[in-house]
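> To be precise about what I am sending: the file is called run-v4.cif and holds mmCIF, N, CA and C atoms and all ligand atoms.
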```
data_my_file
#
loop_
_atom_site.label_atom_id
_atom_site.label_comp_id
_atom_site.auth_asym_id
_atom_site.auth_seq_id
_atom_site.Cartn_x
_atom_site.Cartn_y
_atom_site.Cartn_z
N MET A 1 0.81 -1.21 0.00
CA MET A 1 0.00 0.00 0.00
C MET A 1 0.85 1.27 0.00
N PHE A 2 1.89 1.26 0.86
CA PHE A 2 2.69 2.47 0.95
C PHE A 2 3.62 2.62 -0.26
N MET A 3 3.92 3.85 -0.60
CA MET A 3 4.86 4.10 -1.69
C MET A 3 6.24 3.67 -1.24
N SER A 4 7.00 3.10 -2.16
CA SER A 4 8.38 2.78 -1.81
C SER A 4 9.13 4.10 -1.65
N LYS A 5 10.25 4.01 -0.98
CA LYS A 5 11.04 5.24 -0.77
C LYS A 5 11.44 5.85 -2.11
N ALA A 6 11.78 4.98 -3.04
CA ALA A 6 12.22 5.49 -4.35
C ALA A 6 11.09 6.23 -5.05
N LYS A 7 9.89 5.64 -4.96
CA LYS A 7 8.74 6.28 -5.62
C LYS A 7 8.42 7.61 -4.94
N LEU A 8 8.49 7.60 -3.62
CA LEU A 8 8.20 8.81 -2.87
C LEU A 8 9.20 9.91 -3.24
N PHE A 9 10.45 9.48 -3.36
CA PHE A 9 11.50 10.43 -3.73
C PHE A 9 11.22 11.04 -5.10
N THR A 10 10.87 10.16 -6.06
CA THR A 10 10.59 10.63 -7.42
C THR A 10 9.41 11.59 -7.40
N PHE A 11 8.40 11.24 -6.62
CA PHE A 11 7.20 12.07 -6.54
C PHE A 11 7.53 13.46 -5.99
N CYS A 12 8.29 13.49 -4.92
CA CYS A 12 8.65 14.78 -4.31
C CYS A 12 9.49 15.61 -5.26
N TRP A 13 10.42 14.92 -5.90
CA TRP A 13 11.31 15.62 -6.81
C TRP A 13 10.51 16.25 -7.94
N LEU A 14 9.56 15.49 -8.46
CA LEU A 14 8.72 15.96 -9.56
C LEU A 14 7.89 17.17 -9.12
N ALA A 15 7.34 17.07 -7.91
CA ALA A 15 6.51 18.16 -7.40
C ALA A 15 7.34 19.43 -7.27
N ILE A 16 8.56 19.28 -6.78
CA ILE A 16 9.43 20.45 -6.62
C ILE A 16 9.79 21.01 -7.99
N ALA A 17 10.12 20.12 -8.92
CA ALA A 17 10.51 20.57 -10.26
C ALA A 17 9.37 21.32 -10.93
N LEU A 18 8.15 20.79 -10.80
CA LEU A 18 6.99 21.45 -11.41
C LEU A 18 6.75 22.82 -10.78
N ALA A 19 6.87 22.87 -9.46
CA ALA A 19 6.64 24.14 -8.77
C ALA A 19 7.68 25.17 -9.20
N ALA A 20 8.93 24.72 -9.30
CA ALA A 20 10.00 25.64 -9.68
C ALA A 20 9.76 26.14 -11.10
N ASN A 21 9.30 25.23 -11.97
CA ASN A 21 9.06 25.60 -13.36
C ASN A 21 7.95 26.63 -13.46
N ALA A 22 6.90 26.43 -12.67
CA ALA A 22 5.75 27.34 -12.74
C ALA A 22 6.14 28.73 -12.28
N GLN A 23 7.13 28.77 -11.38
CA GLN A 23 7.49 30.07 -10.83
C GLN A 23 8.61 30.78 -11.60
N ARG A 24 9.11 30.11 -12.64
CA ARG A 24 10.20 30.74 -13.39
C ARG A 24 9.69 32.07 -13.96
N PRO A 25 10.35 33.18 -13.66
CA PRO A 25 9.82 34.45 -14.15
C PRO A 25 9.96 34.58 -15.66
N VAL A 26 8.98 35.17 -16.27
CA VAL A 26 9.05 35.43 -17.70
C VAL A 26 9.44 36.90 -17.82
N THR A 27 10.59 37.13 -18.39
CA THR A 27 11.05 38.51 -18.47
C THR A 27 10.46 39.18 -19.70
N VAL A 28 9.82 40.30 -19.46
CA VAL A 28 9.24 41.06 -20.56
C VAL A 28 9.96 42.40 -20.60
N GLU A 29 10.39 42.78 -21.77
CA GLU A 29 11.15 44.01 -21.93
C GLU A 29 10.22 45.14 -22.38
N LEU A 30 10.53 46.34 -21.98
CA LEU A 30 9.81 47.51 -22.49
C LEU A 30 10.23 47.72 -23.95
N PRO A 31 9.40 48.40 -24.75
CA PRO A 31 9.75 48.58 -26.16
C PRO A 31 11.07 49.35 -26.31
N ALA A 32 11.81 49.02 -27.37
CA ALA A 32 13.06 49.73 -27.65
C ALA A 32 12.76 51.19 -27.94
N GLY A 33 13.66 52.05 -27.60
CA GLY A 33 13.44 53.48 -27.85
C GLY A 33 14.33 54.29 -26.95
N GLN A 34 14.38 55.58 -27.23
CA GLN A 34 15.27 56.47 -26.49
C GLN A 34 14.99 56.49 -24.99
N MET A 35 13.71 56.33 -24.63
CA MET A 35 13.34 56.43 -23.22
C MET A 35 13.31 55.07 -22.52
N GLN A 36 13.74 54.03 -23.24
CA GLN A 36 13.62 52.68 -22.65
C GLN A 36 14.32 52.56 -21.29
N ASN A 37 15.55 53.06 -21.21
CA ASN A 37 16.29 52.93 -19.95
C ASN A 37 15.64 53.71 -18.82
N LYS A 38 15.24 54.93 -19.12
CA LYS A 38 14.60 55.75 -18.08
C LYS A 38 13.28 55.15 -17.66
N ALA A 39 12.55 54.61 -18.63
CA ALA A 39 11.27 53.97 -18.31
C ALA A 39 11.51 52.74 -17.44
N ARG A 40 12.56 52.00 -17.76
CA ARG A 40 12.86 50.79 -16.96
C ARG A 40 13.13 51.19 -15.51
N THR A 41 13.93 52.24 -15.34
CA THR A 41 14.27 52.68 -14.00
C THR A 41 13.04 53.22 -13.26
N ALA A 42 12.25 54.05 -13.94
CA ALA A 42 11.13 54.71 -13.26
C ALA A 42 9.92 53.80 -13.12
N CYS A 43 9.75 52.86 -14.03
CA CYS A 43 8.46 52.17 -14.13
C CYS A 43 8.48 50.69 -13.79
N THR A 44 9.63 50.12 -13.50
CA THR A 44 9.60 48.69 -13.18
C THR A 44 10.13 48.42 -11.77
N THR A 45 10.01 49.42 -10.90
CA THR A 45 10.43 49.19 -9.52
C THR A 45 9.32 48.53 -8.71
N CYS A 46 8.07 48.88 -8.98
CA CYS A 46 6.96 48.31 -8.20
C CYS A 46 6.32 47.11 -8.91
N HIS A 47 6.31 47.13 -10.22
CA HIS A 47 5.75 46.02 -11.01
C HIS A 47 6.66 45.84 -12.20
N ASP A 48 6.56 44.69 -12.86
CA ASP A 48 7.42 44.49 -14.01
C ASP A 48 6.78 45.10 -15.27
N ALA A 49 7.42 44.87 -16.40
CA ALA A 49 6.99 45.54 -17.63
C ALA A 49 5.69 44.97 -18.22
N HIS A 50 5.31 43.74 -17.81
CA HIS A 50 4.06 43.14 -18.30
C HIS A 50 2.88 44.09 -18.31
N ILE A 51 2.64 44.65 -17.14
CA ILE A 51 1.45 45.46 -16.91
C ILE A 51 1.48 46.71 -17.81
N ILE A 52 2.66 47.08 -18.25
CA ILE A 52 2.80 48.25 -19.12
C ILE A 52 2.62 47.85 -20.59
N VAL A 53 3.35 46.81 -21.02
CA VAL A 53 3.35 46.48 -22.45
C VAL A 53 2.03 45.87 -22.92
N GLN A 54 1.17 45.48 -21.99
CA GLN A 54 -0.12 44.94 -22.42
C GLN A 54 -1.14 46.06 -22.68
N GLN A 55 -0.78 47.30 -22.34
CA GLN A 55 -1.70 48.42 -22.55
C GLN A 55 -1.74 48.84 -24.01
N ARG A 56 -2.90 49.32 -24.41
CA ARG A 56 -3.06 49.92 -25.75
C ARG A 56 -3.80 51.23 -25.52
N LEU A 57 -3.07 52.30 -25.26
CA LEU A 57 -3.71 53.54 -24.83
C LEU A 57 -3.45 54.70 -25.79
N SER A 58 -4.40 55.62 -25.79
CA SER A 58 -4.23 56.87 -26.54
C SER A 58 -3.21 57.74 -25.81
N LYS A 59 -2.78 58.79 -26.46
CA LYS A 59 -1.81 59.68 -25.81
C LYS A 59 -2.43 60.30 -24.54
N ALA A 60 -3.70 60.70 -24.65
CA ALA A 60 -4.36 61.31 -23.48
C ALA A 60 -4.39 60.33 -22.31
N ALA A 61 -4.59 59.06 -22.63
CA ALA A 61 -4.64 58.06 -21.56
C ALA A 61 -3.25 57.82 -20.96
N TRP A 62 -2.22 57.82 -21.82
CA TRP A 62 -0.85 57.67 -21.29
C TRP A 62 -0.49 58.85 -20.41
N ASP A 63 -0.96 60.02 -20.84
CA ASP A 63 -0.73 61.23 -20.06
C ASP A 63 -1.23 61.05 -18.62
N LYS A 64 -2.46 60.56 -18.53
CA LYS A 64 -3.06 60.33 -17.20
C LYS A 64 -2.35 59.21 -16.46
N GLU A 65 -2.02 58.15 -17.21
CA GLU A 65 -1.42 56.96 -16.59
C GLU A 65 -0.07 57.32 -15.95
N VAL A 66 0.75 58.06 -16.68
CA VAL A 66 2.07 58.42 -16.15
C VAL A 66 1.90 59.31 -14.92
N ASP A 67 0.99 60.27 -14.99
CA ASP A 67 0.76 61.13 -13.82
C ASP A 67 0.23 60.32 -12.63
N LYS A 68 -0.63 59.35 -12.92
CA LYS A 68 -1.16 58.51 -11.83
C LYS A 68 -0.02 57.76 -11.15
N MET A 69 0.90 57.21 -11.96
CA MET A 69 2.02 56.45 -11.38
C MET A 69 2.95 57.37 -10.59
N ILE A 70 3.09 58.60 -11.07
CA ILE A 70 3.93 59.56 -10.32
C ILE A 70 3.27 59.84 -8.96
N LYS A 71 1.95 60.01 -8.98
CA LYS A 71 1.24 60.22 -7.71
C LYS A 71 1.38 59.01 -6.79
N TRP A 72 1.46 57.84 -7.40
CA TRP A 72 1.59 56.63 -6.59
C TRP A 72 3.02 56.39 -6.14
N GLY A 73 3.95 57.23 -6.61
CA GLY A 73 5.32 57.13 -6.10
C GLY A 73 6.41 56.91 -7.13
N ALA A 74 6.06 56.85 -8.41
CA ALA A 74 7.11 56.66 -9.43
C ALA A 74 8.00 57.90 -9.42
N ILE A 75 9.31 57.65 -9.47
CA ILE A 75 10.25 58.77 -9.45
C ILE A 75 10.61 59.12 -10.90
N VAL A 76 10.03 60.19 -11.37
CA VAL A 76 10.25 60.65 -12.74
C VAL A 76 10.74 62.09 -12.68
N ASN A 77 11.89 62.31 -13.28
CA ASN A 77 12.38 63.68 -13.36
C ASN A 77 11.37 64.50 -14.17
N PRO A 78 10.92 65.67 -13.64
CA PRO A 78 9.90 66.44 -14.35
C PRO A 78 10.27 66.72 -15.81
N SER A 79 11.57 66.83 -16.08
CA SER A 79 11.97 67.11 -17.47
C SER A 79 11.86 65.86 -18.36
N ASP A 80 11.64 64.70 -17.76
CA ASP A 80 11.48 63.46 -18.54
C ASP A 80 10.02 63.07 -18.73
N ARG A 81 9.13 63.74 -18.00
CA ARG A 81 7.73 63.31 -17.99
C ARG A 81 7.11 63.29 -19.39
N ASP A 82 7.25 64.42 -20.11
CA ASP A 82 6.64 64.49 -21.44
C ASP A 82 7.24 63.47 -22.41
N ALA A 83 8.55 63.29 -22.33
CA ALA A 83 9.21 62.33 -23.21
C ALA A 83 8.74 60.90 -22.91
N LEU A 84 8.48 60.62 -21.65
CA LEU A 84 7.97 59.29 -21.28
C LEU A 84 6.57 59.07 -21.86
N VAL A 85 5.71 60.09 -21.71
CA VAL A 85 4.35 59.99 -22.26
C VAL A 85 4.44 59.78 -23.77
N GLU A 86 5.31 60.52 -24.42
CA GLU A 86 5.51 60.42 -25.86
C GLU A 86 5.96 59.00 -26.25
N TYR A 87 6.94 58.50 -25.51
CA TYR A 87 7.48 57.16 -25.76
C TYR A 87 6.39 56.10 -25.65
N PHE A 88 5.66 56.12 -24.55
CA PHE A 88 4.61 55.10 -24.38
C PHE A 88 3.51 55.26 -25.43
N SER A 89 3.14 56.51 -25.72
CA SER A 89 2.01 56.70 -26.63
C SER A 89 2.39 56.41 -28.08
N GLN A 90 3.69 56.40 -28.38
CA GLN A 90 4.09 56.01 -29.73
C GLN A 90 4.25 54.49 -29.85
N GLN A 91 4.61 53.86 -28.74
CA GLN A 91 4.91 52.43 -28.78
C GLN A 91 3.69 51.55 -28.50
N LEU A 92 2.82 52.02 -27.63
CA LEU A 92 1.72 51.15 -27.16
C LEU A 92 0.39 51.84 -27.46
N THR A 93 0.05 51.81 -28.74
CA THR A 93 -1.10 52.56 -29.24
C THR A 93 -2.33 51.66 -29.41
N PRO A 94 -3.53 52.26 -29.44
CA PRO A 94 -4.75 51.45 -29.59
C PRO A 94 -4.82 50.70 -30.92
N ASP A 95 -4.12 51.13 -31.96
CA ASP A 95 -4.22 50.41 -33.24
C ASP A 95 -3.25 49.23 -33.37
N GLN A 96 -2.50 48.96 -32.32
CA GLN A 96 -1.63 47.79 -32.36
C GLN A 96 -2.41 46.52 -32.05
N PRO A 97 -1.96 45.38 -32.58
CA PRO A 97 -2.65 44.13 -32.23
C PRO A 97 -2.60 43.89 -30.72
N ALA A 98 -3.59 43.19 -30.23
CA ALA A 98 -3.67 42.93 -28.79
C ALA A 98 -2.42 42.21 -28.31
N TYR A 99 -2.03 42.49 -27.10
CA TYR A 99 -0.89 41.84 -26.46
C TYR A 99 -1.20 40.37 -26.21
N VAL A 100 -0.26 39.52 -26.53
CA VAL A 100 -0.45 38.10 -26.23
C VAL A 100 0.44 37.75 -25.04
N ALA A 101 -0.21 37.44 -23.94
CA ALA A 101 0.54 37.16 -22.72
C ALA A 101 1.32 35.86 -22.85
N GLN A 102 2.56 35.86 -22.36
CA GLN A 102 3.32 34.61 -22.30
C GLN A 102 2.86 33.85 -21.09
N ARG A 103 2.71 32.57 -21.23
CA ARG A 103 2.27 31.74 -20.08
C ARG A 103 3.50 31.34 -19.29
N SER A 104 3.37 31.40 -17.97
CA SER A 104 4.54 31.02 -17.17
C SER A 104 4.61 29.51 -16.97
N ALA A 105 3.48 28.84 -17.05
CA ALA A 105 3.50 27.38 -16.88
C ALA A 105 3.57 26.72 -18.26
N ARG A 106 4.33 25.65 -18.34
CA ARG A 106 4.45 24.94 -19.61
C ARG A 106 3.13 24.22 -19.90
N SER A 107 2.75 24.21 -21.16
CA SER A 107 1.49 23.56 -21.52
C SER A 107 1.55 22.07 -21.19
N MET A 108 0.45 21.55 -20.68
CA MET A 108 0.41 20.14 -20.30
C MET A 108 -0.18 19.28 -21.43
N HIS A 109 -0.61 19.90 -22.51
CA HIS A 109 -1.26 19.12 -23.57
C HIS A 109 -0.26 18.49 -24.51
C1 LIG A 201 5.49 53.32 -6.60
C2 LIG A 201 5.18 52.09 -7.31
C3 LIG A 201 4.92 52.20 -8.81
C4 LIG A 201 5.76 52.72 -9.76
C5 LIG A 201 7.16 53.25 -9.60
C6 LIG A 201 5.05 52.59 -11.03
N1 LIG A 201 3.85 51.97 -10.84
FE1 LIG A 201 2.52 51.43 -12.28
N2 LIG A 201 1.36 50.56 -10.89
C7 LIG A 201 1.59 50.56 -9.53
C8 LIG A 201 0.52 49.85 -8.87
C9 LIG A 201 0.41 49.61 -7.38
C10 LIG A 201 -0.36 49.42 -9.88
C11 LIG A 201 -1.62 48.61 -9.73
C12 LIG A 201 -1.16 47.18 -9.80
C13 LIG A 201 -2.27 46.23 -9.93
O1 LIG A 201 -3.40 46.62 -10.21
O2 LIG A 201 -1.96 45.04 -9.77
C14 LIG A 201 0.19 49.89 -11.14
C15 LIG A 201 -0.39 49.66 -12.36
C16 LIG A 201 0.08 50.14 -13.56
C17 LIG A 201 -0.57 49.97 -14.84
C18 LIG A 201 -1.86 49.20 -15.10
C19 LIG A 201 -3.02 50.11 -15.21
C20 LIG A 201 -3.39 50.77 -13.92
O3 LIG A 201 -3.43 52.01 -13.93
O4 LIG A 201 -3.60 50.09 -12.89
C21 LIG A 201 0.19 50.61 -15.77
C22 LIG A 201 -0.07 50.75 -17.26
C23 LIG A 201 1.33 51.17 -15.07
N3 LIG A 201 1.25 50.86 -13.73
C24 LIG A 201 2.31 51.91 -15.69
C25 LIG A 201 3.39 52.47 -15.01
C26 LIG A 201 4.36 53.35 -15.64
C27 LIG A 201 4.34 53.75 -17.10
C28 LIG A 201 5.25 53.68 -14.68
C29 LIG A 201 6.44 54.63 -14.82
C30 LIG A 201 6.11 56.01 -15.11
C31 LIG A 201 4.85 53.01 -13.44
N4 LIG A 201 3.71 52.30 -13.69
C32 LIG A 201 5.54 53.07 -12.23
C33 LIG A 201 2.66 51.10 -8.89
C34 LIG A 201 3.73 51.72 -9.50
#
```
The structure in this file should be written as structure tokens.
Ligand code: HEC


Amino acid sequence: MFMSKAKLFTFCWLAIALAANAQRPVTVELPAGQMQNKARTACTTCHDAHIIVQQRLSKAAWDKEVDKMIKWGAIVNPSDRDALVEYFSQQLTPDQPAYVAQRSARSMH
């Protein structure tokens, strides 16, 4: 009835391996551009780039979004604010195809 030690070992090992695999971070980069480095510094301290690159916003919406993040604590040099809004609104526009999220877990099918 009881699992042999070898089987138990294999089972535990598999469980750990699966858990580790599921937690492997998927690195998502911000779009290439002049403001990429500054955006990385200012915008990926609290959350990663996923939440940003999945957006499809108008310039007016990016304008609000950047100000909202500044109010929430993003450190943006005032002289970089407009350039950041410009960067995001040129790269992540409503006419782009929808973002396809990468899955962190490997497909089981
Ligand atoms: C001080 C922490 C902090 C920084 C820095 C920050 N954000 Fe956020 N951001 C948040 C939080 C908190 C949320 C909400 C997360 C959630 O809903 O899971 C969020 C959510 C977002 C969202 C999703 C839409 C929304 O409004 O909830 C976008 C887009 C976004 N941030 C963009 C940015 C950009 C662009 C920057 C750089 C200018 C930035 N963030 C910097 C804290 C931050």

> Here is a test: counting only N, CA and C atoms and all ligand atoms, which residue of A:Asn37, A:Ser89, A:Thr27, A:Thr44 is nearest to ligand LIG 201 (chain A)?

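That would be A:Thr44, the residue with the smallest distance to ligand LIG 201 (chain A).
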
> Which one of A:Asp80, A:Thr41, A:Gln91, A:His47 sits closest to A:Trp62 if you count only C-alpha atoms?

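Ranked by minimum distance to A:Trp62, first place goes to A:Gln91.
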
> Per residue of chain A within 7 Å of ligand LIG 201 (chain A), what are the shortest atom pair and its distance in Å to one decimal, counting only N, CA and C atoms and all ligand atoms, with rows by chain and residue number, as a Markdown table?


```
| residue | atom | partner | partner_atom | distance |
| --- | --- | --- | --- | --- |
| A:Ala39 | CA | A:LIG201 | C29 | 6.0 |
| A:Thr41 | C | A:LIG201 | C5 | 6.9 |
| A:Ala42 | C | A:LIG201 | C29 | 4.0 |
| A:Cys43 | CA | A:LIG201 | C29 | 3.3 |
| A:Thr44 | N | A:LIG201 | C32 | 5.2 |
| A:Thr45 | N | A:LIG201 | C5 | 4.9 |
| A:Cys46 | CA | A:LIG201 | C2 | 4.3 |
| A:His47 | N | A:LIG201 | C34 | 5.3 |
| A:Ile51 | C | A:LIG201 | C22 | 4.4 |
| A:Ile52 | CA | A:LIG201 | C22 | 4.2 |
| A:Val53 | N | A:LIG201 | C22 | 6.4 |
| A:Gln55 | CA | A:LIG201 | C22 | 6.0 |
| A:Glu65 | C | A:LIG201 | C27 | 5.8 |
| A:Val66 | CA | A:LIG201 | C30 | 4.8 |
| A:Asp67 | N | A:LIG201 | C30 | 6.7 |
| A:Lys68 | C | A:LIG201 | FE1 | 6.9 |
| A:Met69 | CA | A:LIG201 | N1 | 4.9 |
| A:Ile70 | N | A:LIG201 | C30 | 5.7 |
| A:Trp72 | C | A:LIG201 | C1 | 4.0 |
| A:Gly73 | C | A:LIG201 | C1 | 3.7 |
| A:Ala74 | CA | A:LIG201 | C5 | 3.4 |
| A:Ile75 | N | A:LIG201 | C5 | 4.9 |
| A:Val76 | CA | A:LIG201 | C30 | 6.7 |
```

> For the residues selected in the previous step, produce a file with N, CA and C atoms as an mmCIF file, in the coordinates of the input.


```
data_model
loop_
_atom_site.group_PDB
_atom_site.id
_atom_site.type_symbol
_atom_site.label_atom_id
_atom_site.label_comp_id
_atom_site.auth_asym_id
_atom_site.auth_seq_id
_atom_site.Cartn_x
_atom_site.Cartn_y
_atom_site.Cartn_z
ATOM 1 N N ALA A 39 12.550 54.610 -18.630
ATOM 2 C CA ALA A 39 11.270 53.970 -18.310
ATOM 3 C C ALA A 39 11.510 52.740 -17.440
ATOM 4 N N THR A 41 13.930 52.240 -15.340
ATOM 5 C CA THR A 41 14.270 52.680 -14.000
ATOM 6 C C THR A 41 13.040 53.220 -13.260
ATOM 7 N N ALA A 42 12.250 54.050 -13.940
ATOM 8 C CA ALA A 42 11.130 54.710 -13.260
ATOM 9 C C ALA A 42 9.920 53.800 -13.120
ATOM 10 N N CYS A 43 9.750 52.860 -14.030
ATOM 11 C CA CYS A 43 8.460 52.170 -14.130
ATOM 12 C C CYS A 43 8.480 50.690 -13.790
ATOM 13 N N THR A 44 9.630 50.120 -13.500
ATOM 14 C CA THR A 44 9.600 48.690 -13.180
ATOM 15 C C THR A 44 10.130 48.420 -11.770
ATOM 16 N N THR A 45 10.010 49.420 -10.900
ATOM 17 C CA THR A 45 10.430 49.190 -9.520
ATOM 18 C C THR A 45 9.320 48.530 -8.710
ATOM 19 N N CYS A 46 8.070 48.880 -8.980
ATOM 20 C CA CYS A 46 6.960 48.310 -8.200
ATOM 21 C C CYS A 46 6.320 47.110 -8.910
ATOM 22 N N HIS A 47 6.310 47.130 -10.220
ATOM 23 C CA HIS A 47 5.750 46.020 -11.010
ATOM 24 C C HIS A 47 6.660 45.840 -12.200
ATOM 25 N N ILE A 51 2.640 44.650 -17.140
ATOM 26 C CA ILE A 51 1.450 45.460 -16.910
ATOM 27 C C ILE A 51 1.480 46.710 -17.810
ATOM 28 N N ILE A 52 2.660 47.080 -18.250
ATOM 29 C CA ILE A 52 2.800 48.250 -19.120
ATOM 30 C C ILE A 52 2.620 47.850 -20.590
ATOM 31 N N VAL A 53 3.350 46.810 -21.020
ATOM 32 C CA VAL A 53 3.350 46.480 -22.450
ATOM 33 C C VAL A 53 2.030 45.870 -22.920
ATOM 34 N N GLN A 55 -0.780 47.300 -22.340
ATOM 35 C CA GLN A 55 -1.700 48.420 -22.550
ATOM 36 C C GLN A 55 -1.740 48.840 -24.010
ATOM 37 N N GLU A 65 -2.020 58.150 -17.210
ATOM 38 C CA GLU A 65 -1.420 56.960 -16.590
ATOM 39 C C GLU A 65 -0.070 57.320 -15.950
ATOM 40 N N VAL A 66 0.750 58.060 -16.680
ATOM 41 C CA VAL A 66 2.070 58.420 -16.150
ATOM 42 C C VAL A 66 1.900 59.310 -14.920
ATOM 43 N N ASP A 67 0.990 60.270 -14.990
ATOM 44 C CA ASP A 67 0.760 61.130 -13.820
ATOM 45 C C ASP A 67 0.230 60.320 -12.630
ATOM 46 N N LYS A 68 -0.630 59.350 -12.920
ATOM 47 C CA LYS A 68 -1.160 58.510 -11.830
ATOM 48 C C LYS A 68 -0.020 57.760 -11.150
ATOM 49 N N MET A 69 0.900 57.210 -11.960
ATOM 50 C CA MET A 69 2.020 56.450 -11.380
ATOM 51 C C MET A 69 2.950 57.370 -10.590
ATOM 52 N N ILE A 70 3.090 58.600 -11.070
ATOM 53 C CA ILE A 70 3.930 59.560 -10.320
ATOM 54 C C ILE A 70 3.270 59.840 -8.960
ATOM 55 N N TRP A 72 1.460 57.840 -7.400
ATOM 56 C CA TRP A 72 1.590 56.630 -6.590
ATOM 57 C C TRP A 72 3.020 56.390 -6.140
ATOM 58 N N GLY A 73 3.950 57.230 -6.610
ATOM 59 C CA GLY A 73 5.320 57.130 -6.100
ATOM 60 C C GLY A 73 6.410 56.910 -7.130
ATOM 61 N N ALA A 74 6.060 56.850 -8.410
ATOM 62 C CA ALA A 74 7.110 56.660 -9.430
ATOM 63 C C ALA A 74 8.000 57.900 -9.420
ATOM 64 N N ILE A 75 9.310 57.650 -9.470
ATOM 65 C CA ILE A 75 10.250 58.770 -9.450
ATOM 66 C C ILE A 75 10.610 59.120 -10.900
ATOM 67 N N VAL A 76 10.030 60.190 -11.370
ATOM 68 C CA VAL A 76 10.250 60.650 -12.740
ATOM 69 C C VAL A 76 10.740 62.090 -12.680
#
```

> Near stretch 97-101 of chain A, counting only C-alpha atoms, which residues have an atom at most 10 Å away, once you skip same-chain residues fewer than 4 positions from it, shown as a list in words?

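Those residues are Val28, His50, Val53, Gln54, Gln55, Arg56, Leu92 and Thr93 of chain A.
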
> Just give me the gap between atom N of A:Asp95 and atom C of A:Ser79 in Å, one decimal is fine.

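Between atom N of A:Asp95 and atom C of A:Ser79 the gap works out to 25.6 Å.
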
> Expressed in Å to a single decimal, how great is the separation between atom CA of A:Tyr87 and atom CA of A:Met35?

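Going from atom CA of A:Tyr87 over to atom CA of A:Met35, I get 6.4 Å.
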
> Have a look at atom C of A:Ala61 and atom N of A:Arg103 and let me know their distance in Å, one decimal.

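A separation of 25.9 Å between them.
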
> Counting only C-alpha atoms, which of A:Ala49, A:Ala83, A:Ala105, A:Ala60 gets nearest to A:Gly33?

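That would be A:Ala83, the residue with the smallest distance to A:Gly33.
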
> Which residue is closest to A:Val85? Choose from A:Lys71, A:Asp63, A:Gln102, A:Ala32 and count all atoms listed in the file.

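Of the candidates, the smallest distance to A:Val85 is held by A:Asp63.
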